[in-house]
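Take a look at the structure below.
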Amino acid sequence: MNDDYAIRVRNLYKTFDEVQAVRDVSLDVRPGEIFSLLGPNGAGKSTTISMLACLLEPTAGDAYVMGHSILHEQMAVKSSIGVVPQEIALYEDLSARENLSFWGKMYGLRGERLRQRIDEVLEIIGLAQRQKGPVANFSGGMKRRLNIGVALLHRPDVLILDEPTVGIDPQSRRNILDSVQEFNRQGMTVLYTTHYMEEAQEISDHIAIMDQGEIIAYGTHDELVQIVGELDRIDLTLSTPPGQEEIRAALIQTWRQLDRVHQVSTAGHETITTEAGSPAEQSPDFEAAVDHSGLTLLVGDSNLVLPDLFETAVAVGARITSVDIQEPNLEAVFLHLTGRALRD
Amino acid sequence: MKALDIAMRDLLHTLRTPFTLIMMFGAPLLIAGLLFFAFGSMTGGGEDLDLQTIQVTVANLDRAEVQGGGFAAGELLIEFLRSDDLSDLLAVEIVDDEATARANVAGQRAHVAVIIPGGLSAVATTPGQEATVVLYPDPTLTIAPGIVQDLVSQFIDGFAGAKITAEITGQQFEARGVPAGPALLQGAATQYAGWLETTGHHQEGADPLVDLRPPATEGEPAEQDAGIIAGIMGGMIVFFTFFVGAMGAESIVREEEEGTLPRLFTTPTPRTSILAGKFTAILLALVVQIAVLLVASSLIFGITWGRRPTVLLVSVALTVAAAGFGIFVMSFVQSTRQTGPVLGSVLTLTGMLGGLFTQGIPNIPELFNVVNLVVPQGWAMRAWDLSLAGAGPAGVLLPVAALLGMGLLFFAVGALLFRRRFA
């Protein structure tokens, strides 16, 4: 197999009972790059990397890690990779050092080499001072760092991280992203899965966007954004009299027919009813309560479109109470390709 | 090597978990100790642990009706209960009437009241006449009244023989045209009773209803004590080794949930090594558990478990069986939430079937001793019983072979199911 790539995936499928979790996934990861799999929960990211880590056997297809087949050379593949699972996978009754010692032995390290690597990793993850305390007493951030440290012990060629920032505080998240970039600078190839668009955008050399088991877009950040061209994304809040869904439906219909509006989506938004508060809401039509509903639009030029939006809203008895305009990004790409937001 | 690393890590986890430690060492000793004291320190070993004497109060209403040194069934029963053989077990007090006897039991001055009915002697010599010996036990006791009931039943069985003797004697005389008076019939019954007494109140070759053994002494393994506490402790050891075996196997399910098992699978460690490591950890934990329990129970309860090679052989077989059974049971468990109910039900059921909770209870039907060999716990208990009775290694080969065979079979099936699950 071609060794020019750290990872080559060819027509990979995984089916659980009747559900096709991964469908015809093919991708190439070059040595020394950070490659992100971006997609919402259930897109098939974790299933894909579980197959690359030899945890799951593909239903069809094959993949090669550092030139080794995941079907036929599993031990060689496992020696080449370090896997950081999404959930913390440590022995809480052991200390940080004991954990690293145990996992190091599982990667074949022994004796002085093992001790040396443990000391180095403890320095890298900043836990040298806490190495003897039981992991059960660690904070969530410290556990995350140790969780990553375990995967670094044997200096893997490829580091695979499965959504390592889920459910942690911003500071720990920042530390993890900085660490991943530092590992990469030291020559490690990184395969990173996330459903946070900003993370993929910040650290990745290449990004594959996954949805419903398939790769729907693939390229650098700039290449992906070109898919939506110069489209702006507008998130706005619409206020209507309570219970009058038809006003909202009519307005969406009207906006879809405007020249510069490419897409109108209600996905990821819900309607909330509140007391009328702002002057805009206090009109005879609105009485005492107001329905607030969010909408997302992809538009050609937001400055030219916005007056039309306000005008048509007033015409049907609705109010636009907030507007957020964003430059083209991966979120817009996903919306453009699927009609749904990444967070859905 | 990696398997050993996994085994040592698991063993460390086991020895650091308070609940597991309690179930390994504390619970079996505590339960056996509680039963030991509840049953009045009935033990077969240890010089300091004497049998508690059963206080029996007897109202002999038959006494008044016996005349002139004839056949006196009531007196014979009292004599039997006061015999030298039973002097360590029973303390017999004679009272004048039934009310006094029952009052003694109600006032907890006696464990059992025996009421010998008037006319008991006449039953032996007068065809068609009936009388019933009545026992009033202390309702809070089970063992002591059971023993007294057995002894009285044993006597009555012999008494029935005296009655038959008198009847046959009468028929023989009448067949020859000689009238058989009461004195003649009483004489026949008395002769039979005398013969019965000299032969030890039971027919030669028949099993006695109560068999009391002296405490075992060093150097006389054949005389090993298989007393109640030894049996109870044996049952506890078997039950809790199977429990710890299953708890050890539970680590596979727990680590699957906690993510450490899938992470192990991402390392260059063969799955066979991982499972071998888990199994080794269970074996090591069981070896430690059995060794500690045997030594501790010897020191605390004075139990002599048998000859050392036999004890070693039985311990090894028990270890393999408990570990294999644990792997097998846990291979059906999908989550740690299922562990409690599954372990509780399976181990209790198989423990009951294996006779672990009926040690020391008299008169267990023979069929039960066959049925309990369906489960490994039954074989384990049989192996301990043989060891306690002083059997040599050759004497326990059958139960040991059964335990090893069952253990390896359970392990093979459990390992296969786990491999399929993680394939």
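Here's how to read the names in the structure tokens: chain A, B, ... by the order shown, residue numbers from 1 in each chain, ligand numbers from 1 in the order shown.
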| Near-Leu343 (chain B) list (9 Å; only C-alpha atoms; drop same-chain fewer than 4 positions) as a list of chain:residue names |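 Result of the neighbour search: B:Phe243, B:Ala246, B:Met247, B:Val329, B:Met330, B:Gln338, B:Thr339, B:Leu347, B:Thr348.
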File of the preceding selection, N, CA and C atoms, as a PDB file, in the first residue's frame:
ATOM      1  N   PHE B 243     -18.825 -16.139  44.880  1.00  0.00           N
ATOM      2  CA  PHE B 243     -19.224 -14.726  44.793  1.00  0.00           C
ATOM      3  C   PHE B 243     -18.043 -13.880  44.313  1.00  0.00           C
ATOM      4  N   ALA B 246     -17.251 -14.358  40.675  1.00  0.00           N
ATOM      5  CA  ALA B 246     -18.153 -13.602  39.791  1.00  0.00           C
ATOM      6  C   ALA B 246     -17.860 -12.110  39.862  1.00  0.00           C
ATOM      7  N   MET B 247     -17.552 -11.621  41.070  1.00  0.00           N
ATOM      8  CA  MET B 247     -17.226 -10.196  41.210  1.00  0.00           C
ATOM      9  C   MET B 247     -15.962  -9.856  40.425  1.00  0.00           C
ATOM     10  N   VAL B 329     -20.976 -16.826  34.259  1.00  0.00           N
ATOM     11  CA  VAL B 329     -22.174 -16.054  34.653  1.00  0.00           C
ATOM     12  C   VAL B 329     -22.092 -14.622  34.125  1.00  0.00           C
ATOM     13  N   MET B 330     -20.913 -14.000  34.281  1.00  0.00           N
ATOM     14  CA  MET B 330     -20.809 -12.593  33.886  1.00  0.00           C
ATOM     15  C   MET B 330     -20.826 -12.407  32.369  1.00  0.00           C
ATOM     16  N   GLN B 338     -26.989  -4.815  36.060  1.00  0.00           N
ATOM     17  CA  GLN B 338     -27.556  -6.167  36.124  1.00  0.00           C
ATOM     18  C   GLN B 338     -26.785  -7.062  37.095  1.00  0.00           C
ATOM     19  N   THR B 339     -25.590  -6.618  37.464  1.00  0.00           N
ATOM     20  CA  THR B 339     -24.708  -7.496  38.241  1.00  0.00           C
ATOM     21  C   THR B 339     -25.353  -7.949  39.546  1.00  0.00           C
ATOM     22  N   LEU B 347     -26.244 -17.013  42.282  1.00  0.00           N
ATOM     23  CA  LEU B 347     -25.401 -17.603  43.329  1.00  0.00           C
ATOM     24  C   LEU B 347     -26.236 -18.143  44.487  1.00  0.00           C
ATOM     25  N   THR B 348     -27.330 -17.469  44.798  1.00  0.00           N
ATOM     26  CA  THR B 348     -28.180 -17.984  45.877  1.00  0.00           C
ATOM     27  C   THR B 348     -28.836 -19.294  45.450  1.00  0.00           C
TER      28      THR B 348
END
| query | Just asking: which residues within region 299-332 of chain A are strand (DSSP E) according to DSSP, as a PyMOL selection string? | reply | chain A and resi 299+319-326
Listing only residues of chain B within 10 Å of chain A, what is the closest atom pair and its distance in Å (to one decimal) for each, using only C-alpha atoms, sorted by chain and residue number ascending, as a Markdown table?
| residue | atom | partner | partner_atom | distance |
| --- | --- | --- | --- | --- |
| B:Met1 | CA | A:Lys105 | CA | 9.1 |
| B:Lys2 | CA | A:Met106 | CA | 6.4 |
| B:Ala3 | CA | A:Met106 | CA | 9.3 |
| B:Asp5 | CA | A:Phe102 | CA | 7.3 |
| B:Ile6 | CA | A:Phe102 | CA | 8.1 |
| B:Met8 | CA | A:Phe102 | CA | 9.9 |
| B:Arg9 | CA | A:Phe102 | CA | 7.8 |
| B:Leu12 | CA | A:Leu94 | CA | 9.2 |
| B:His13 | CA | A:Asp93 | CA | 7.1 |
| B:Arg16 | CA | A:Asp93 | CA | 7.9 |
| B:Thr17 | CA | A:Asp93 | CA | 9.0 |
| B:Glu255 | CA | A:Ala89 | CA | 8.8 |
| B:Glu256 | CA | A:Ala89 | CA | 9.8 |
| B:Glu257 | CA | A:Ala89 | CA | 9.5 |
| B:Glu258 | CA | A:Ala89 | CA | 6.2 |
| B:Gly259 | CA | A:Ala89 | CA | 4.9 |
| B:Thr260 | CA | A:Ala89 | CA | 4.8 |
| B:Leu261 | CA | A:Ala89 | CA | 8.4 |
| B:Pro262 | CA | A:Leu55 | CA | 7.1 |
| B:Arg263 | CA | A:Ala89 | CA | 6.9 |
| B:Leu264 | CA | A:Met106 | CA | 7.5 |
| B:Phe265 | CA | A:Leu55 | CA | 6.5 |
| B:Thr266 | CA | A:Ala53 | CA | 5.8 |
| B:Thr267 | CA | A:Lys78 | CA | 5.5 |
| B:Pro268 | CA | A:Met75 | CA | 5.1 |
| B:Thr269 | CA | A:Met106 | CA | 6.3 |
| B:Pro270 | CA | A:Met75 | CA | 8.0 |
| B:Ile274 | CA | A:Met106 | CA | 9.9 |
| B:Phe422 | CA | A:Leu55 | CA | 8.6 |
| B:Ala423 | CA | A:Leu56 | CA | 7.7 |
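Excluding region 52-59 of chain B and any residue on its chain fewer than 2 positions from it, the residues at most 6 Å away by only C-alpha atoms are Gly40, Leu89, Leu90, Ala91, Val92, Glu93, Ile94, Val95, Asp96, Asp97, Glu98, Ala101, Ala110, His111, Val112, Ala113, Val114 and Ile115 of chain B.
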Store the residues picked out above in a file with all heavy atoms, as a compact mmCIF listing (two decimals), in the first residue's frame.
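Output (again-v5.txt):
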# COMPACT_ATOMS: atom_id res chain seq x y z
N GLY B 40 -25.34 -22.05 69.79
CA GLY B 40 -24.84 -22.43 71.10
C GLY B 40 -23.47 -23.06 71.05
O GLY B 40 -23.21 -24.04 71.75
N LEU B 89 -24.52 -34.48 76.18
CA LEU B 89 -25.47 -33.76 75.33
C LEU B 89 -26.72 -33.33 76.09
O LEU B 89 -27.24 -32.24 75.85
CB LEU B 89 -25.86 -34.66 74.15
CG LEU B 89 -26.76 -34.06 73.08
CD1 LEU B 89 -26.04 -32.91 72.37
CD2 LEU B 89 -27.15 -35.11 72.06
N LEU B 90 -27.20 -34.21 76.98
CA LEU B 90 -28.48 -33.95 77.64
C LEU B 90 -28.31 -33.83 79.15
O LEU B 90 -27.53 -34.56 79.77
CB LEU B 90 -29.47 -35.08 77.36
CG LEU B 90 -29.74 -35.45 75.90
CD1 LEU B 90 -30.75 -36.61 75.84
CD2 LEU B 90 -30.27 -34.26 75.12
N ALA B 91 -29.05 -32.89 79.76
CA ALA B 91 -29.17 -32.83 81.22
C ALA B 91 -30.65 -33.05 81.53
O ALA B 91 -31.50 -32.23 81.16
CB ALA B 91 -28.72 -31.47 81.73
N VAL B 92 -30.95 -34.21 82.11
CA VAL B 92 -32.36 -34.61 82.28
C VAL B 92 -32.82 -34.34 83.71
O VAL B 92 -32.17 -34.75 84.67
CB VAL B 92 -32.52 -36.11 81.94
CG1 VAL B 92 -33.98 -36.54 82.11
CG2 VAL B 92 -32.04 -36.37 80.52
N GLU B 93 -33.94 -33.65 83.82
CA GLU B 93 -34.53 -33.39 85.13
C GLU B 93 -35.92 -34.03 85.16
O GLU B 93 -36.68 -33.90 84.19
CB GLU B 93 -34.66 -31.87 85.35
CG GLU B 93 -35.24 -31.52 86.72
CD GLU B 93 -35.73 -30.07 86.76
OE1 GLU B 93 -35.78 -29.42 85.70
OE2 GLU B 93 -36.09 -29.61 87.85
N ILE B 94 -36.22 -34.75 86.23
CA ILE B 94 -37.52 -35.42 86.34
C ILE B 94 -38.45 -34.54 87.18
O ILE B 94 -38.06 -34.06 88.26
CB ILE B 94 -37.39 -36.79 87.02
CG1 ILE B 94 -36.27 -37.61 86.33
CG2 ILE B 94 -38.72 -37.55 87.00
CD1 ILE B 94 -36.52 -37.90 84.87
N VAL B 95 -39.62 -34.32 86.66
CA VAL B 95 -40.62 -33.57 87.43
C VAL B 95 -41.86 -34.45 87.62
O VAL B 95 -42.02 -35.47 86.94
CB VAL B 95 -40.99 -32.24 86.73
CG1 VAL B 95 -39.79 -31.33 86.65
CG2 VAL B 95 -41.55 -32.51 85.34
N ASP B 96 -42.74 -33.99 88.49
CA ASP B 96 -43.86 -34.86 88.88
C ASP B 96 -45.00 -34.86 87.87
O ASP B 96 -45.70 -35.85 87.70
CB ASP B 96 -44.40 -34.44 90.25
CG ASP B 96 -43.37 -34.74 91.35
OD1 ASP B 96 -42.56 -35.66 91.12
OD2 ASP B 96 -43.38 -34.05 92.38
N ASP B 97 -45.20 -33.70 87.23
CA ASP B 97 -46.38 -33.64 86.36
C ASP B 97 -46.11 -32.81 85.11
O ASP B 97 -45.08 -32.13 84.99
CB ASP B 97 -47.56 -33.04 87.15
CG ASP B 97 -47.18 -31.73 87.79
OD1 ASP B 97 -46.62 -30.87 87.06
OD2 ASP B 97 -47.40 -31.56 89.01
N GLU B 98 -47.04 -32.90 84.20
CA GLU B 98 -46.91 -32.24 82.89
C GLU B 98 -46.84 -30.72 83.04
O GLU B 98 -46.07 -30.04 82.36
CB GLU B 98 -48.09 -32.63 82.00
CG GLU B 98 -48.03 -31.97 80.63
CD GLU B 98 -49.17 -32.40 79.71
OE1 GLU B 98 -49.79 -33.44 80.00
OE2 GLU B 98 -49.42 -31.69 78.72
N ALA B 101 -43.46 -29.55 83.96
CA ALA B 101 -42.54 -29.69 82.82
C ALA B 101 -42.73 -28.55 81.82
O ALA B 101 -41.77 -27.94 81.35
CB ALA B 101 -42.76 -31.04 82.14
N ALA B 110 -35.76 -25.02 80.74
CA ALA B 110 -35.49 -26.24 79.97
C ALA B 110 -35.71 -25.94 78.50
O ALA B 110 -36.50 -25.06 78.14
CB ALA B 110 -36.41 -27.36 80.43
N HIS B 111 -34.97 -26.68 77.66
CA HIS B 111 -35.13 -26.50 76.22
C HIS B 111 -36.29 -27.32 75.67
O HIS B 111 -36.95 -26.90 74.71
CB HIS B 111 -33.84 -26.89 75.50
CG HIS B 111 -32.65 -26.06 75.88
ND1 HIS B 111 -31.43 -26.60 76.25
CD2 HIS B 111 -32.50 -24.72 76.02
CE1 HIS B 111 -30.59 -25.63 76.54
NE2 HIS B 111 -31.21 -24.47 76.42
N VAL B 112 -36.52 -28.48 76.27
CA VAL B 112 -37.58 -29.37 75.79
C VAL B 112 -38.23 -30.07 76.99
O VAL B 112 -37.54 -30.46 77.94
CB VAL B 112 -37.00 -30.47 74.86
CG1 VAL B 112 -38.14 -31.26 74.20
CG2 VAL B 112 -36.10 -29.89 73.79
N ALA B 113 -39.55 -30.20 76.92
CA ALA B 113 -40.26 -31.01 77.92
C ALA B 113 -40.71 -32.30 77.26
O ALA B 113 -41.24 -32.28 76.13
CB ALA B 113 -41.46 -30.25 78.46
N VAL B 114 -40.45 -33.43 77.93
CA VAL B 114 -40.88 -34.73 77.41
C VAL B 114 -41.96 -35.26 78.36
O VAL B 114 -41.70 -35.44 79.55
CB VAL B 114 -39.70 -35.72 77.33
CG1 VAL B 114 -40.18 -37.09 76.82
CG2 VAL B 114 -38.61 -35.17 76.43
N ILE B 115 -43.15 -35.49 77.82
CA ILE B 115 -44.26 -35.98 78.64
C ILE B 115 -44.48 -37.45 78.29
O ILE B 115 -44.93 -37.78 77.18
CB ILE B 115 -45.56 -35.17 78.39
CG1 ILE B 115 -45.27 -33.66 78.43
CG2 ILE B 115 -46.63 -35.59 79.41
CD1 ILE B 115 -44.68 -33.16 79.74
| Neighbours of Gln131 (chain A) within 9 Å (only C-alpha atoms; same-chain residues fewer than 3 positions away dropped), as a list in words? | Ser95, Ala96, Arg97, Glu98, Leu122, Leu127, Ala128, Pro134 and Val135 of chain A
| request: Tell me, as a PyMOL selection string, which residues lie within 9 Å of Leu29 (chain B), counting only C-alpha atoms; anything in the same chain fewer than 3 positions away does not count. | output: chain B and resi 25-26+32-34+233+236-237+293+296-297+300
Since we have the selection now, will you write its residues out, keeping all heavy atoms, as a PDB file, in the first residue's frame?
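For reference, result-v9.pdb as written:
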ATOM      1  N   PHE B  25     -13.447 -11.707  52.920  1.00  0.00           N
ATOM      2  CA  PHE B  25     -12.982 -12.205  54.222  1.00  0.00           C
ATOM      3  C   PHE B  25     -13.990 -11.974  55.354  1.00  0.00           C
ATOM      4  O   PHE B  25     -14.225 -12.860  56.166  1.00  0.00           O
ATOM      5  CB  PHE B  25     -11.655 -11.532  54.591  1.00  0.00           C
ATOM      6  CG  PHE B  25     -10.631 -11.591  53.506  1.00  0.00           C
ATOM      7  CD1 PHE B  25     -10.113 -10.442  52.938  1.00  0.00           C
ATOM      8  CD2 PHE B  25     -10.177 -12.817  53.028  1.00  0.00           C
ATOM      9  CE1 PHE B  25      -9.168 -10.496  51.920  1.00  0.00           C
ATOM     10  CE2 PHE B  25      -9.227 -12.889  52.020  1.00  0.00           C
ATOM     11  CZ  PHE B  25      -8.727 -11.716  51.462  1.00  0.00           C
ATOM     12  N   GLY B  26     -14.535 -10.782  55.409  1.00  0.00           N
ATOM     13  CA  GLY B  26     -15.370 -10.416  56.556  1.00  0.00           C
ATOM     14  C   GLY B  26     -16.669 -11.198  56.611  1.00  0.00           C
ATOM     15  O   GLY B  26     -16.997 -11.810  57.638  1.00  0.00           O
ATOM     16  N   ALA B  32     -20.475 -17.186  59.582  1.00  0.00           N
ATOM     17  CA  ALA B  32     -20.204 -18.472  60.241  1.00  0.00           C
ATOM     18  C   ALA B  32     -20.134 -18.271  61.752  1.00  0.00           C
ATOM     19  O   ALA B  32     -20.653 -19.082  62.524  1.00  0.00           O
ATOM     20  CB  ALA B  32     -18.899 -19.064  59.716  1.00  0.00           C
ATOM     21  N   GLY B  33     -19.513 -17.155  62.181  1.00  0.00           N
ATOM     22  CA  GLY B  33     -19.406 -16.872  63.612  1.00  0.00           C
ATOM     23  C   GLY B  33     -20.765 -16.651  64.245  1.00  0.00           C
ATOM     24  O   GLY B  33     -21.053 -17.162  65.333  1.00  0.00           O
ATOM     25  N   LEU B  34     -21.624 -15.902  63.548  1.00  0.00           N
ATOM     26  CA  LEU B  34     -22.965 -15.642  64.079  1.00  0.00           C
ATOM     27  C   LEU B  34     -23.753 -16.945  64.228  1.00  0.00           C
ATOM     28  O   LEU B  34     -24.396 -17.175  65.246  1.00  0.00           O
ATOM     29  CB  LEU B  34     -23.716 -14.678  63.152  1.00  0.00           C
ATOM     30  CG  LEU B  34     -23.275 -13.216  63.222  1.00  0.00           C
ATOM     31  CD1 LEU B  34     -23.974 -12.394  62.144  1.00  0.00           C
ATOM     32  CD2 LEU B  34     -23.571 -12.634  64.597  1.00  0.00           C
ATOM     33  N   MET B 233     -18.910 -23.330  57.996  1.00  0.00           N
ATOM     34  CA  MET B 233     -17.784 -22.542  57.461  1.00  0.00           C
ATOM     35  C   MET B 233     -17.413 -23.014  56.062  1.00  0.00           C
ATOM     36  O   MET B 233     -17.099 -22.205  55.181  1.00  0.00           O
ATOM     37  CB  MET B 233     -16.585 -22.678  58.408  1.00  0.00           C
ATOM     38  CG  MET B 233     -15.444 -21.710  58.092  1.00  0.00           C
ATOM     39  SD  MET B 233     -15.925 -19.991  58.328  1.00  0.00           S
ATOM     40  CE  MET B 233     -14.961 -19.201  57.039  1.00  0.00           C
ATOM     41  N   MET B 236     -19.798 -21.482  53.765  1.00  0.00           N
ATOM     42  CA  MET B 236     -19.511 -20.052  53.581  1.00  0.00           C
ATOM     43  C   MET B 236     -18.320 -19.847  52.645  1.00  0.00           C
ATOM     44  O   MET B 236     -18.330 -18.960  51.788  1.00  0.00           O
ATOM     45  CB  MET B 236     -19.213 -19.394  54.939  1.00  0.00           C
ATOM     46  CG  MET B 236     -20.403 -19.275  55.867  1.00  0.00           C
ATOM     47  SD  MET B 236     -21.717 -18.255  55.172  1.00  0.00           S
ATOM     48  CE  MET B 236     -22.941 -19.490  54.801  1.00  0.00           C
ATOM     49  N   ILE B 237     -17.305 -20.672  52.826  1.00  0.00           N
ATOM     50  CA  ILE B 237     -16.127 -20.548  51.947  1.00  0.00           C
ATOM     51  C   ILE B 237     -16.523 -20.801  50.498  1.00  0.00           C
ATOM     52  O   ILE B 237     -16.168 -20.035  49.601  1.00  0.00           O
ATOM     53  CB  ILE B 237     -15.015 -21.539  52.383  1.00  0.00           C
ATOM     54  CG1 ILE B 237     -14.385 -21.061  53.688  1.00  0.00           C
ATOM     55  CG2 ILE B 237     -13.948 -21.668  51.299  1.00  0.00           C
ATOM     56  CD1 ILE B 237     -13.302 -21.979  54.230  1.00  0.00           C
ATOM     57  N   LEU B 293      -9.166 -17.556  54.608  1.00  0.00           N
ATOM     58  CA  LEU B 293     -10.347 -18.106  55.293  1.00  0.00           C
ATOM     59  C   LEU B 293     -10.027 -19.424  55.998  1.00  0.00           C
ATOM     60  O   LEU B 293     -10.515 -19.672  57.112  1.00  0.00           O
ATOM     61  CB  LEU B 293     -11.496 -18.296  54.306  1.00  0.00           C
ATOM     62  CG  LEU B 293     -12.162 -17.012  53.815  1.00  0.00           C
ATOM     63  CD1 LEU B 293     -13.286 -17.327  52.829  1.00  0.00           C
ATOM     64  CD2 LEU B 293     -12.720 -16.192  54.971  1.00  0.00           C
ATOM     65  N   ALA B 296      -7.832 -18.455  59.041  1.00  0.00           N
ATOM     66  CA  ALA B 296      -8.605 -17.691  60.032  1.00  0.00           C
ATOM     67  C   ALA B 296      -9.632 -18.581  60.728  1.00  0.00           C
ATOM     68  O   ALA B 296      -9.792 -18.513  61.954  1.00  0.00           O
ATOM     69  CB  ALA B 296      -9.286 -16.514  59.359  1.00  0.00           C
ATOM     70  N   SER B 297     -10.321 -19.427  59.958  1.00  0.00           N
ATOM     71  CA  SER B 297     -11.343 -20.277  60.583  1.00  0.00           C
ATOM     72  C   SER B 297     -10.709 -21.337  61.485  1.00  0.00           C
ATOM     73  O   SER B 297     -11.297 -21.742  62.475  1.00  0.00           O
ATOM     74  CB  SER B 297     -12.214 -20.934  59.508  1.00  0.00           C
ATOM     75  OG  SER B 297     -11.412 -21.713  58.650  1.00  0.00           O
ATOM     76  N   ILE B 300      -9.882 -19.172  64.640  1.00  0.00           N
ATOM     77  CA  ILE B 300     -11.040 -18.651  65.376  1.00  0.00           C
ATOM     78  C   ILE B 300     -11.944 -19.776  65.873  1.00  0.00           C
ATOM     79  O   ILE B 300     -12.355 -19.792  67.027  1.00  0.00           O
ATOM     80  CB  ILE B 300     -11.838 -17.680  64.481  1.00  0.00           C
ATOM     81  CG1 ILE B 300     -10.971 -16.481  64.107  1.00  0.00           C
ATOM     82  CG2 ILE B 300     -13.107 -17.208  65.202  1.00  0.00           C
ATOM     83  CD1 ILE B 300     -11.571 -15.591  63.046  1.00  0.00           C
TER      84      ILE B 300
END
| query | What lies within 9 Å of region 187-198 of chain A using only C-alpha atoms, ignoring chain neighbours under 2 positions off, as a VMD selection string? | reply | chain A and resid 6 29 to 41 45 to 46 49 155 to 166 180 to 185 200 to 204 329 to 331 342 to 343
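Note that CA of Ala415 (chain B) and CA of Ala276 (chain B) are 9.4 Å apart.
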| request: Would you mind writing down, as a VMD selection string, each residue of region 1-245 of chain A that DSSP on the backbone assigns to alpha helix (DSSP H)? | output: chain A and resid 45 to 52 74 to 80 96 to 106 111 to 124 140 to 152 170 to 185 197 to 203 221 to 225 245
| field | Shell of 12 Å around Ala285 (chain B), only C-alpha atoms, local chain residues under 3 positions omitted, as JSON, numbers by chain | value | {"B": [7, 8, 9, 10, 11, 12, 13, 14, 15, 16, 20, 21, 23, 24, 25, 240, 241, 242, 243, 244, 245, 246, 247, 248, 249, 278, 279, 280, 281, 282, 288, 289, 290, 291, 292, 319, 320, 322, 323]}
| request: Just give me the gap between CA of Gly294 (chain A) and CA of Thr237 (chain A) in Å, one decimal is fine. | output: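 These two atoms are separated by 4.5 Å.
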| request: Give me, please, the distance in Å between CA of Ala21 (chain A) and CA of Gly213 (chain A), quoted to one decimal. | output: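 Taking CA of Ala21 (chain A) as the start and CA of Gly213 (chain A) as the end point, the length is 5.1 Å.
Of the residues listed (B:Ile164, B:Val370, B:Leu318, B:Val400), B:Leu318 shows the shortest atom-to-atom separation from Gly234 (chain B); distances use only C-alpha atoms.
You can rank A:Met51, A:Val22, A:Ile207, A:Ile247 by their closest distance to Val333 (chain A) using only C-alpha atoms, and at the top of that list sits A:Ile207.
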